[in-house]
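Text of coords10.txt, listed as compact mmCIF, C-alpha atoms and all ligand atoms:
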# COMPACT_ATOMS: atom_id res chain seq x y z
CA MET A 1 -142.68 -120.69 9.41
CA ASN A 2 -143.33 -118.03 6.76
CA GLU A 3 -145.97 -116.57 9.02
CA LEU A 4 -143.49 -116.30 11.82
CA GLU A 5 -140.95 -114.67 9.55
CA ARG A 6 -143.49 -112.12 8.34
CA LEU A 7 -144.44 -111.39 11.92
CA ALA A 8 -140.79 -110.90 12.85
CA ALA A 9 -140.31 -108.57 9.89
CA SER A 10 -143.30 -106.44 10.76
CA LYS A 11 -142.32 -106.27 14.42
CA ALA A 12 -138.85 -105.28 13.35
CA ARG A 13 -140.21 -102.46 11.22
CA ARG A 14 -142.26 -101.28 14.15
CA ALA A 15 -139.28 -101.41 16.49
CA ILE A 16 -137.21 -99.35 14.09
CA MET A 17 -140.01 -96.86 13.63
CA LEU A 18 -140.33 -96.43 17.38
CA ASP A 19 -136.58 -96.17 17.66
CA LYS A 20 -136.42 -93.43 15.06
CA ALA A 21 -139.32 -91.61 16.65
CA GLY A 22 -137.29 -91.57 19.85
CA SER A 23 -139.71 -93.62 21.97
CA LYS A 24 -136.94 -95.46 23.73
CA ALA A 25 -138.86 -97.52 26.24
CA GLU A 26 -141.25 -98.79 23.60
CA ALA A 27 -138.47 -99.44 21.12
CA ILE A 28 -136.62 -101.50 23.71
CA LYS A 29 -139.70 -103.59 24.30
CA ALA A 30 -140.29 -104.04 20.60
CA TYR A 31 -136.68 -105.06 19.92
CA ARG A 32 -136.93 -107.65 22.67
CA GLU A 33 -140.00 -109.11 21.01
CA VAL A 34 -138.31 -109.25 17.62
CA ILE A 35 -135.26 -110.95 19.08
CA GLY A 36 -137.50 -113.50 20.75
CA LEU A 37 -139.18 -114.29 17.44
CA LEU A 38 -135.88 -114.55 15.63
CA VAL A 39 -134.57 -116.96 18.24
CA LYS A 40 -137.63 -119.12 17.54
CA LEU A 41 -136.94 -118.89 13.83
CA VAL A 42 -133.36 -120.05 14.34
CA GLU A 43 -134.67 -123.06 16.23
CA LEU A 44 -137.30 -123.91 13.65
CA SER A 45 -135.48 -123.24 10.42
CA ASP A 46 -133.70 -126.11 8.73
CA SER A 47 -131.85 -123.93 6.25
CA PRO A 48 -128.35 -123.08 7.51
CA VAL A 49 -128.32 -119.94 5.38
CA ASN A 50 -131.56 -118.65 6.86
CA ARG A 51 -130.39 -119.51 10.33
CA GLU A 52 -127.27 -117.50 9.68
CA VAL A 53 -129.36 -114.56 8.51
CA TYR A 54 -131.54 -114.71 11.62
CA ARG A 55 -128.47 -114.85 13.82
CA GLU A 56 -127.04 -111.82 12.14
CA ARG A 57 -130.27 -109.96 12.70
CA ILE A 58 -130.35 -111.03 16.33
CA ALA A 59 -126.83 -109.69 16.74
CA ALA A 60 -127.76 -106.38 15.08
CA TYR A 61 -130.91 -105.85 17.13
CA THR A 62 -129.18 -106.92 20.32
CA ARG A 63 -126.50 -104.36 19.67
CA ARG A 64 -129.07 -101.66 19.14
CA LEU A 65 -130.99 -102.80 22.21
CA LYS A 66 -127.82 -102.55 24.30
CA GLU A 67 -127.14 -99.08 22.96
CA LEU A 68 -130.62 -97.97 23.91
CA GLN A 69 -130.35 -99.52 27.35
CA GLU A 70 -126.91 -98.07 28.01
CA ASP A 71 -128.20 -94.74 26.86
CA GLY A 72 -130.97 -94.99 29.39
CA GLU A 73 -128.56 -95.94 32.15
CA ALA A 74 -126.18 -93.16 31.23
CA ARG A 75 -128.98 -90.69 31.60
CA ALA A 76 -130.12 -92.19 34.86
CA THR A 77 -126.68 -91.95 36.41
CA GLN A 78 -126.15 -88.47 35.01
CA GLU A 79 -123.20 -89.57 32.99
CA GLU A 80 -121.91 -87.34 30.29
CA PRO A 81 -123.84 -88.61 27.26
CA GLU A 82 -121.33 -87.01 24.93
CA ALA A 83 -118.49 -89.19 26.28
CA LYS A 84 -120.61 -92.31 26.01
CA GLU A 85 -121.35 -91.50 22.41
CA LYS A 86 -117.67 -91.14 21.61
CA SER A 87 -116.58 -94.39 23.18
CA ASN A 88 -119.26 -96.23 21.26
CA ALA A 89 -118.47 -94.58 17.96
CA LEU A 90 -116.46 -97.10 15.97
CA PRO A 91 -114.51 -95.92 13.00
CA ALA A 92 -116.22 -97.46 10.00
CA PHE A 93 -113.70 -95.83 7.68
CA LEU A 94 -110.07 -96.33 8.29
CA ASP A 95 -107.37 -94.62 6.37
CA SER A 96 -104.19 -96.00 7.80
CA ARG A 97 -102.06 -98.94 6.88
CA PRO A 98 -101.05 -101.07 9.82
CA PRO A 99 -97.29 -101.61 9.51
CA VAL A 100 -97.34 -105.28 8.57
CA ARG A 101 -95.46 -107.03 5.79
CA TRP A 102 -95.82 -110.44 4.23
CA ASP A 103 -93.38 -111.88 6.74
CA ASP A 104 -95.89 -111.08 9.46
CA VAL A 105 -98.40 -113.35 7.77
CA VAL A 106 -97.21 -116.87 8.50
CA GLY A 107 -97.87 -119.42 5.75
CA LEU A 108 -100.40 -118.74 2.95
CA GLU A 109 -97.59 -118.63 0.39
CA SER A 110 -99.84 -119.37 -2.57
CA VAL A 111 -102.16 -116.54 -1.55
CA LYS A 112 -99.25 -114.14 -1.42
CA GLU A 113 -98.18 -115.36 -4.85
CA SER A 114 -101.62 -114.79 -6.25
CA LEU A 115 -101.80 -111.28 -4.83
CA ARG A 116 -98.35 -110.50 -6.14
CA GLN A 117 -99.58 -111.46 -9.57
CA SER A 118 -102.80 -109.51 -9.40
CA ILE A 119 -101.67 -106.32 -7.76
CA ILE A 120 -97.93 -105.91 -7.42
CA TYR A 121 -96.63 -106.94 -10.82
CA PRO A 122 -99.28 -105.02 -12.78
CA SER A 123 -98.70 -101.85 -10.81
CA LYS A 124 -94.93 -102.15 -11.30
CA ARG A 125 -95.05 -102.88 -15.04
CA PRO A 126 -98.47 -101.99 -16.45
CA ASP A 127 -96.88 -101.85 -19.91
CA LEU A 128 -96.61 -105.66 -19.86
CA TYR A 129 -100.37 -106.09 -19.48
CA PRO A 130 -102.08 -104.89 -22.66
CA LEU A 131 -105.09 -107.06 -21.83
CA GLY A 132 -105.44 -105.71 -18.31
CA TRP A 133 -105.41 -107.42 -14.95
CA PRO A 134 -107.93 -108.43 -12.30
CA THR A 135 -109.09 -105.64 -10.04
CA GLY A 136 -111.65 -107.41 -7.87
CA ILE A 137 -110.39 -109.84 -5.23
CA LEU A 138 -112.51 -111.61 -2.66
CA LEU A 139 -110.87 -113.35 0.31
CA PHE A 140 -112.92 -115.87 2.26
CA GLY A 141 -112.30 -118.28 5.08
CA PRO A 142 -112.86 -118.86 8.79
CA PRO A 143 -112.40 -115.94 11.18
CA GLY A 144 -109.00 -115.14 12.60
CA CYS A 145 -106.96 -116.76 9.82
CA GLY A 146 -105.42 -113.64 8.35
CA LYS A 147 -107.75 -112.12 5.78
CA THR A 148 -107.61 -108.61 7.17
CA LEU A 149 -103.93 -109.03 7.98
CA MET A 150 -103.19 -110.16 4.44
CA VAL A 151 -104.87 -107.11 2.93
CA ALA A 152 -102.87 -104.75 5.13
CA ALA A 153 -99.66 -106.58 4.24
CA THR A 154 -100.50 -106.50 0.52
CA ALA A 155 -101.08 -102.77 0.65
CA ASN A 156 -97.67 -102.27 2.24
CA GLU A 157 -95.88 -104.60 -0.12
CA ALA A 158 -97.49 -102.89 -3.10
CA ASP A 159 -96.93 -99.48 -1.55
CA ALA A 160 -100.60 -98.92 -2.20
CA LYS A 161 -102.92 -96.46 -0.59
CA LEU A 162 -105.45 -98.40 1.49
CA HIS A 163 -109.02 -97.40 2.27
CA VAL A 164 -110.80 -99.75 4.65
CA ILE A 165 -114.57 -99.82 4.75
CA ASP A 166 -116.02 -102.02 7.44
CA ALA A 167 -119.36 -103.16 6.08
CA ALA A 168 -120.60 -104.38 9.44
CA LYS A 169 -120.00 -101.01 10.96
CA ILE A 170 -121.53 -99.09 8.09
CA MET A 171 -124.61 -101.24 8.10
CA SER A 172 -125.06 -101.00 11.82
CA LYS A 173 -124.96 -97.22 11.73
CA TRP A 174 -128.45 -96.00 11.70
CA LEU A 175 -128.90 -93.08 9.36
CA GLY A 176 -127.05 -90.17 7.86
CA GLU A 177 -123.29 -89.84 7.58
CA SER A 178 -122.59 -93.25 6.05
CA GLU A 179 -123.65 -92.34 2.55
CA LYS A 180 -121.66 -89.15 2.42
CA ASN A 181 -118.59 -90.85 3.83
CA LEU A 182 -118.84 -93.66 1.32
CA GLN A 183 -119.04 -91.25 -1.55
CA ARG A 184 -116.01 -89.42 -0.25
CA VAL A 185 -113.95 -92.58 0.10
CA PHE A 186 -114.66 -93.77 -3.42
CA SER A 187 -114.16 -90.44 -5.10
CA THR A 188 -110.87 -89.96 -3.25
CA ALA A 189 -109.78 -93.46 -4.25
CA ARG A 190 -110.67 -92.86 -7.88
CA SER A 191 -108.72 -89.65 -8.08
CA GLU A 192 -105.72 -91.17 -6.30
CA ALA A 193 -105.63 -94.11 -8.72
CA VAL A 194 -105.35 -91.78 -11.71
CA SER A 195 -101.79 -90.94 -10.68
CA GLY A 196 -100.72 -94.53 -11.44
CA LYS A 197 -100.09 -95.50 -7.84
CA PRO A 198 -102.08 -98.53 -6.71
CA VAL A 199 -105.07 -97.83 -4.49
CA ILE A 200 -106.91 -100.56 -2.62
CA VAL A 201 -110.45 -100.12 -1.38
CA PHE A 202 -111.04 -102.91 1.10
CA ILE A 203 -114.54 -103.88 2.19
CA ASP A 204 -114.26 -106.01 5.27
CA GLU A 205 -117.13 -108.30 6.31
CA VAL A 206 -118.68 -107.77 2.91
CA ASP A 207 -121.47 -110.28 3.62
CA TRP A 208 -123.17 -107.53 5.58
CA LEU A 209 -124.07 -105.91 2.28
CA THR A 210 -126.13 -108.71 0.89
CA VAL A 211 -127.75 -110.65 3.65
CA HIS A 212 -130.38 -108.53 5.21
CA ARG A 213 -133.17 -108.88 2.72
CA GLN A 214 -135.98 -110.36 4.70
CA VAL A 215 -135.83 -108.20 7.75
CA GLU A 216 -134.75 -104.75 6.77
CA VAL A 217 -133.42 -102.06 9.04
CA GLY A 218 -134.20 -98.46 8.21
CA GLY A 219 -131.64 -96.66 6.11
CA GLU A 220 -129.56 -99.74 5.46
CA ALA A 221 -131.00 -100.36 2.03
CA ARG A 222 -129.90 -96.98 0.74
CA VAL A 223 -126.38 -97.29 2.06
CA ARG A 224 -126.07 -100.82 0.77
CA ASN A 225 -127.27 -99.92 -2.70
CA GLN A 226 -124.89 -97.04 -2.86
CA LEU A 227 -121.97 -99.19 -1.80
CA LEU A 228 -122.92 -101.91 -4.27
CA SER A 229 -123.10 -99.46 -7.13
CA GLU A 230 -119.75 -97.93 -6.19
CA MET A 231 -118.27 -101.43 -6.16
CA ASP A 232 -119.84 -102.17 -9.51
CA GLY A 233 -118.15 -99.12 -10.94
CA ILE A 234 -114.79 -100.71 -10.14
CA LEU A 235 -115.58 -104.35 -10.82
CA THR A 236 -117.24 -104.06 -14.20
CA LYS A 237 -114.22 -102.33 -15.65
CA PHE A 238 -111.84 -105.14 -16.34
CA ASN A 239 -109.25 -102.74 -17.57
CA ARG A 240 -105.92 -101.37 -16.68
CA SER A 241 -107.00 -99.56 -13.57
CA PHE A 242 -104.86 -99.06 -10.50
CA LEU A 243 -107.92 -99.03 -8.32
CA PHE A 244 -108.35 -102.45 -6.73
CA LEU A 245 -111.34 -103.63 -4.83
CA MET A 246 -110.66 -106.22 -2.16
CA ALA A 247 -113.31 -107.75 0.03
CA ALA A 248 -113.27 -110.28 2.83
CA THR A 249 -115.90 -112.48 4.42
CA ASN A 250 -116.19 -115.25 7.02
CA LYS A 251 -119.56 -116.23 5.56
CA PRO A 252 -119.26 -116.47 1.78
CA TRP A 253 -122.45 -118.55 1.54
CA LEU A 254 -124.43 -115.45 2.41
CA LEU A 255 -123.32 -113.75 -0.81
CA ASP A 256 -125.43 -114.10 -3.90
CA GLU A 257 -124.03 -115.52 -7.05
CA PRO A 258 -124.03 -112.51 -9.40
CA PHE A 259 -122.23 -110.59 -6.70
CA ILE A 260 -119.65 -113.33 -6.21
CA ARG A 261 -118.98 -113.62 -9.92
CA ARG A 262 -118.02 -109.98 -10.17
CA PHE A 263 -114.80 -110.70 -8.32
CA GLN A 264 -112.34 -112.10 -10.82
CA LYS A 265 -110.32 -113.65 -8.00
CA ARG A 266 -111.92 -115.55 -5.13
CA ILE A 267 -109.25 -116.80 -2.79
CA TYR A 268 -109.63 -119.20 0.11
CA ILE A 269 -107.69 -118.33 3.27
CA PRO A 270 -107.74 -121.73 4.99
CA PRO A 271 -107.09 -122.50 8.64
CA PRO A 272 -103.47 -123.38 9.40
CA GLY A 273 -102.28 -126.99 9.21
CA LEU A 274 -99.97 -128.56 11.76
CA GLU A 275 -96.81 -127.06 10.28
CA GLU A 276 -98.32 -123.58 10.02
CA ARG A 277 -99.53 -123.74 13.60
CA ARG A 278 -96.02 -124.57 14.69
CA ARG A 279 -94.63 -121.66 12.70
CA ILE A 280 -97.22 -119.28 14.10
CA LEU A 281 -96.33 -120.36 17.64
CA GLU A 282 -92.70 -119.82 16.83
CA HIS A 283 -93.45 -116.45 15.27
CA TYR A 284 -95.08 -115.13 18.43
CA LEU A 285 -93.16 -117.03 21.12
CA SER A 286 -89.76 -116.12 19.70
CA LYS A 287 -90.42 -112.61 20.98
CA LEU A 288 -90.87 -113.90 24.54
CA ARG A 289 -88.64 -115.54 27.15
CA THR A 290 -89.48 -119.22 26.96
CA SER A 291 -88.23 -122.29 28.77
CA ARG A 292 -86.18 -124.95 27.07
CA ASP A 293 -88.79 -127.62 27.61
CA LEU A 294 -91.09 -125.92 25.13
CA ASP A 295 -92.07 -128.44 22.46
CA LEU A 296 -93.69 -126.47 19.67
CA ASN A 297 -94.51 -129.54 17.59
CA ARG A 298 -96.38 -130.99 20.49
CA LEU A 299 -98.27 -127.76 21.14
CA ALA A 300 -99.09 -127.37 17.47
CA GLU A 301 -100.62 -130.83 17.54
CA GLU A 302 -102.67 -129.99 20.58
CA MET A 303 -103.84 -126.82 18.88
CA GLU A 304 -105.94 -128.48 16.24
CA GLY A 305 -108.85 -126.16 15.50
CA TYR A 306 -107.06 -123.08 16.82
CA SER A 307 -107.02 -120.21 14.35
CA PRO A 308 -103.89 -118.06 14.06
CA HIS A 309 -105.77 -115.48 16.05
CA ASP A 310 -106.49 -118.06 18.77
CA ILE A 311 -102.81 -119.00 18.82
CA PHE A 312 -101.80 -115.37 19.05
CA SER A 313 -104.23 -114.90 21.94
CA VAL A 314 -102.77 -117.89 23.79
CA CYS A 315 -99.26 -116.45 23.44
CA LEU A 316 -100.49 -113.05 24.51
CA ASP A 317 -102.16 -114.57 27.54
CA ALA A 318 -98.95 -116.39 28.51
CA GLN A 319 -97.03 -113.14 28.20
CA LEU A 320 -99.51 -111.27 30.41
CA GLU A 321 -99.33 -113.96 33.06
CA ALA A 322 -95.54 -113.95 33.09
CA VAL A 323 -95.35 -110.20 33.51
CA LYS A 324 -98.00 -110.27 36.19
CA LYS A 325 -95.98 -112.85 38.08
CA MET A 326 -92.90 -110.68 37.83
CA PHE A 327 -94.69 -107.73 39.41
CA GLU A 328 -96.54 -109.72 42.03
CA GLU A 329 -93.55 -111.72 43.18
CA GLY A 330 -91.06 -108.91 42.87
CA LEU A 331 -88.87 -110.73 40.33
CA GLU A 332 -86.19 -109.08 38.24
CA GLU A 333 -87.73 -110.16 34.98
CA PRO A 334 -90.73 -112.17 33.81
CA PRO A 335 -90.27 -115.92 34.42
CA GLU A 336 -89.68 -118.17 31.43
CA ILE A 337 -92.85 -119.39 29.78
CA THR A 338 -93.23 -123.15 30.07
CA MET A 339 -95.36 -125.85 28.45
CA ALA A 340 -97.62 -125.75 31.48
CA ASP A 341 -98.11 -121.99 31.08
CA ILE A 342 -99.11 -122.36 27.44
CA ARG A 343 -101.46 -125.22 28.22
CA ARG A 344 -103.08 -123.20 30.95
CA ALA A 345 -103.61 -120.36 28.48
CA MET A 346 -105.04 -122.87 26.00
CA GLY A 347 -107.51 -123.98 28.63
CA ARG A 348 -108.80 -120.44 28.78
CA ARG A 349 -109.26 -120.20 25.03
CA ARG A 350 -111.18 -122.83 23.18
CA PRO A 351 -110.45 -123.47 19.47
CA SER A 352 -112.72 -121.42 17.24
CA ILE A 353 -112.63 -123.50 14.06
CA SER A 354 -114.81 -126.58 13.80
CA ARG A 355 -114.43 -129.36 11.27
CA GLU A 356 -117.97 -128.74 10.20
CA SER A 357 -117.21 -125.13 9.30
CA VAL A 358 -114.04 -126.12 7.44
CA ARG A 359 -116.12 -128.49 5.36
CA MET A 360 -118.50 -125.69 4.50
CA PHE A 361 -115.61 -123.48 3.37
CA GLU A 362 -114.07 -126.25 1.31
CA GLU A 363 -117.35 -126.94 -0.42
CA TRP A 364 -117.83 -123.28 -1.17
CA ASN A 365 -114.26 -123.08 -2.43
CA ALA A 366 -114.82 -126.02 -4.76
CA ARG A 367 -117.82 -124.25 -6.24
CA PHE A 368 -116.77 -120.63 -6.34
CA GLY A 369 -113.05 -120.47 -5.65
CA ALA A 370 -110.94 -118.75 -8.32
CA PRO A 371 -107.42 -118.33 -6.99
N1 LIG B 1 -101.34 -116.20 9.02
C1 LIG B 1 -101.14 -115.54 10.17
N2 LIG B 1 -99.91 -115.41 10.69
C2 LIG B 1 -99.70 -114.76 11.83
N3 LIG B 1 -100.67 -114.18 12.55
C3 LIG B 1 -101.93 -114.27 12.12
C4 LIG B 1 -102.23 -114.95 10.89
N4 LIG B 1 -103.56 -114.87 10.69
C5 LIG B 1 -104.07 -114.18 11.73
N5 LIG B 1 -103.10 -113.82 12.60
C6 LIG B 1 -103.29 -113.09 13.86
O1 LIG B 1 -104.66 -113.02 14.12
C7 LIG B 1 -105.13 -111.68 14.07
C8 LIG B 1 -106.48 -111.63 13.40
O2 LIG B 1 -106.37 -111.96 12.05
P1 LIG B 1 -107.30 -111.32 10.95
O3 LIG B 1 -106.49 -111.04 9.76
O4 LIG B 1 -108.03 -110.15 11.52
O5 LIG B 1 -108.33 -112.50 10.68
P2 LIG B 1 -109.58 -112.50 9.72
O6 LIG B 1 -109.63 -111.19 9.01
O7 LIG B 1 -109.34 -113.66 8.79
O8 LIG B 1 -110.75 -112.74 10.61
C9 LIG B 1 -104.05 -110.93 13.33
O9 LIG B 1 -104.02 -109.58 13.70
C10 LIG B 1 -102.80 -111.68 13.75
O10 LIG B 1 -102.40 -111.27 15.04
MG MG B 2 -111.09 -109.76 9.43
What would the structure in this file look like if it were written as structure tokens?
Ligand SMILES: Nc1ncnc2c1ncn2[C@@H]1O[C@H](COP(=O)(O)OP(=O)(O)O)[C@@H](O)[C@H]1O
Ligand SMILES: [Mg+2]
Amino acid sequence: MNELERLAASKARRAIMLDKAGSKAEAIKAYREVIGLLVKLVELSDSPVNREVYRERIAAYTRRLKELQEDGEARATQEEPEAKEKSNALPAFLDSRPPVRWDDVVGLESVKESLRQSIIYPSKRPDLYPLGWPTGILLFGPPGCGKTLMVAATANEADAKLHVIDAAKIMSKWLGESEKNLQRVFSTARSEAVSGKPVIVFIDEVDWLTVHRQVEVGGEARVRNQLLSEMDGILTKFNRSFLFLMAATNKPWLLDEPFIRRFQKRIYIPPPGLEERRRILEHYLSKLRTSRDLDLNRLAEEMEGYSPHDIFSVCLDAQLEAVKKMFEEGLEEPPEITMADIRRAMGRRRPSISRESVRMFEEWNARFGAP
């Protein structure tokens, strides 16, 4: 087991070396080998945390492998490599606030309350807080349940400047730029916060910063350390700062304890219950033309295990189908969406939240939650 892991690590180093040296064909081969070994490790390991780490690594190397392969194909077909590059380049730093408010986040009232207390009240009346307020807030919970949405809404409600740093994207960048960009984001945020207006630095998918210890990818360590020390600069000052650090993760168990404890608030964003699912359906379907037979309670019941994002996707799918029908059948307007339409859309989208995973989140919440 340990042998296998060491072998995987050394193969990974070799793959990265080859990659950096520009020997594409060899790097591709080496990455394939590493992925093969990691797949074995996933099968053999009985630690869920390790398995998760291996899976993450598989995903990262697969991504890189795809990039290399696509690169090769692009060259072979004489495509413009420049254009390829651009379409692949994901913005790891985002500086805009999506226009969402708390009303766009269905349910999660106690989370909103907690954020109001931590961010909005202190920035409105700092004079009432001689002892300071929390500045580090970690949101955790299953994917698609509104963590990212909640942060965007909080920033709008607080009229705060929002800087989004996507840890997954930063860590999957190979070398260069990331460090400089990070520095820029934090120094901008610090200077903005001096003015007394709230500033939120949001690190999405924060687990990417702490997990990749065993099998290291070149350049990641430096970027990660820099980001961690920048975060420390904010988190260790429990004072009256208007610079807030928010972070979100779908995999809190990958974080290590000292890191977790730095966030004064650790808030669970749970999957929606029956009533919330009904309200989410209502929220999205009320914008569409629906038939009278639509029984939202019934649908909400059938949608056990569907995340809000799954529910949104089902509604979106129903909308697309209705409009398609209108065009194809030459109708005046899209037909009303019926129970059958929604159920058909549900058939195309399986629920993404398992009971097993909910249990894991609840356990973690019982241990580390601090709402
Ligand atoms: N509580 C919610 N109410 C309404 N829509 C939601 C909610 N949570 C998630 N969604 C929908 O799902 C999408 C993805 O949610 P997101 O916040 O990115 O999930 P997470 O960050 O927890 O993975 C949102 O853009 C929104 O369309
Ligand atoms: Mg998210």
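Rounded to one decimal, atom CA of Ile28 of chain A and atom CA of Leu209 of chain A lie 25.2 Å from each other.
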So how many Å separate atom CA of Gly347 of chain A and atom CA of Glu304 of chain A, to one decimal?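 Here the two named atoms are 13.3 Å from each other.
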Which protein, DNA or RNA residues have an atom within 6 Å of ligand LIG 1 (chain B), counting all atoms listed in the file, as number ranges by chain? A: 104-107, 143-149, 280, 308-309, 312
Go ahead and write the residues just picked, C-alpha atoms, as a compact mmCIF listing (two decimals), in the coordinates of the input.
# COMPACT_ATOMS: atom_id res chain seq x y z
CA ASP A 104 -95.89 -111.08 9.46
CA VAL A 105 -98.40 -113.35 7.77
CA VAL A 106 -97.21 -116.87 8.50
CA GLY A 107 -97.87 -119.42 5.75
CA PRO A 143 -112.40 -115.94 11.18
CA GLY A 144 -109.00 -115.14 12.60
CA CYS A 145 -106.96 -116.76 9.82
CA GLY A 146 -105.42 -113.64 8.35
CA LYS A 147 -107.75 -112.12 5.78
CA THR A 148 -107.61 -108.61 7.17
CA LEU A 149 -103.93 -109.03 7.98
CA ILE A 280 -97.22 -119.28 14.10
CA PRO A 308 -103.89 -118.06 14.06
CA HIS A 309 -105.77 -115.48 16.05
CA PHE A 312 -101.80 -115.37 19.05
Contacts of ligand MG 2 (chain B), 12 Å or closer, all atoms listed in the file, given as an NGL selection string: :A and (139-152 or 164-168 or 202-207 or 247-251 or 269 or 308-309)
Output file for the residues above (C-alpha atoms, as a CSV table (one decimal), keeping the file's coordinate frame):
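The resulting again-v5.csv:
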chain,number,residue,atom,x,y,z
A,139,LEU,CA,-110.9,-113.4,0.3
A,140,PHE,CA,-112.9,-115.9,2.3
A,141,GLY,CA,-112.3,-118.3,5.1
A,142,PRO,CA,-112.9,-118.9,8.8
A,143,PRO,CA,-112.4,-115.9,11.2
A,144,GLY,CA,-109.0,-115.1,12.6
A,145,CYS,CA,-107.0,-116.8,9.8
A,146,GLY,CA,-105.4,-113.6,8.4
A,147,LYS,CA,-107.8,-112.1,5.8
A,148,THR,CA,-107.6,-108.6,7.2
A,149,LEU,CA,-103.9,-109.0,8.0
A,150,MET,CA,-103.2,-110.2,4.4
A,151,VAL,CA,-104.9,-107.1,2.9
A,152,ALA,CA,-102.9,-104.8,5.1
A,164,VAL,CA,-110.8,-99.8,4.6
A,165,ILE,CA,-114.6,-99.8,4.8
A,166,ASP,CA,-116.0,-102.0,7.4
A,167,ALA,CA,-119.4,-103.2,6.1
A,168,ALA,CA,-120.6,-104.4,9.4
A,202,PHE,CA,-111.0,-102.9,1.1
A,203,ILE,CA,-114.5,-103.9,2.2
A,204,ASP,CA,-114.3,-106.0,5.3
A,205,GLU,CA,-117.1,-108.3,6.3
A,206,VAL,CA,-118.7,-107.8,2.9
A,207,ASP,CA,-121.5,-110.3,3.6
A,247,ALA,CA,-113.3,-107.8,0.0
A,248,ALA,CA,-113.3,-110.3,2.8
A,249,THR,CA,-115.9,-112.5,4.4
A,250,ASN,CA,-116.2,-115.2,7.0
A,251,LYS,CA,-119.6,-116.2,5.6
A,269,ILE,CA,-107.7,-118.3,3.3
A,308,PRO,CA,-103.9,-118.1,14.1
A,309,HIS,CA,-105.8,-115.5,16.0
Which neighbours of Phe259 of chain A fall inside 12 Å, counting only C-alpha atoms, when residues of the same chain fewer than 6 positions from it are skipped, and could you give them as a ChimeraX atom specification? /A:136-138,206-207,209-211,228-229,231-232,235-236,247,252-253,266,368
Would you output that residue set with C-alpha atoms, as a compact mmCIF listing (two decimals), in the coordinates of the input?
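Saved file out_10.txt follows:
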# COMPACT_ATOMS: atom_id res chain seq x y z
CA GLY A 136 -111.65 -107.41 -7.87
CA ILE A 137 -110.39 -109.84 -5.23
CA LEU A 138 -112.51 -111.61 -2.66
CA VAL A 206 -118.68 -107.77 2.91
CA ASP A 207 -121.47 -110.28 3.62
CA LEU A 209 -124.07 -105.91 2.28
CA THR A 210 -126.13 -108.71 0.89
CA VAL A 211 -127.75 -110.65 3.65
CA LEU A 228 -122.92 -101.91 -4.27
CA SER A 229 -123.10 -99.46 -7.13
CA MET A 231 -118.27 -101.43 -6.16
CA ASP A 232 -119.84 -102.17 -9.51
CA LEU A 235 -115.58 -104.35 -10.82
CA THR A 236 -117.24 -104.06 -14.20
CA ALA A 247 -113.31 -107.75 0.03
CA PRO A 252 -119.26 -116.47 1.78
CA TRP A 253 -122.45 -118.55 1.54
CA ARG A 266 -111.92 -115.55 -5.13
CA PHE A 368 -116.77 -120.63 -6.34
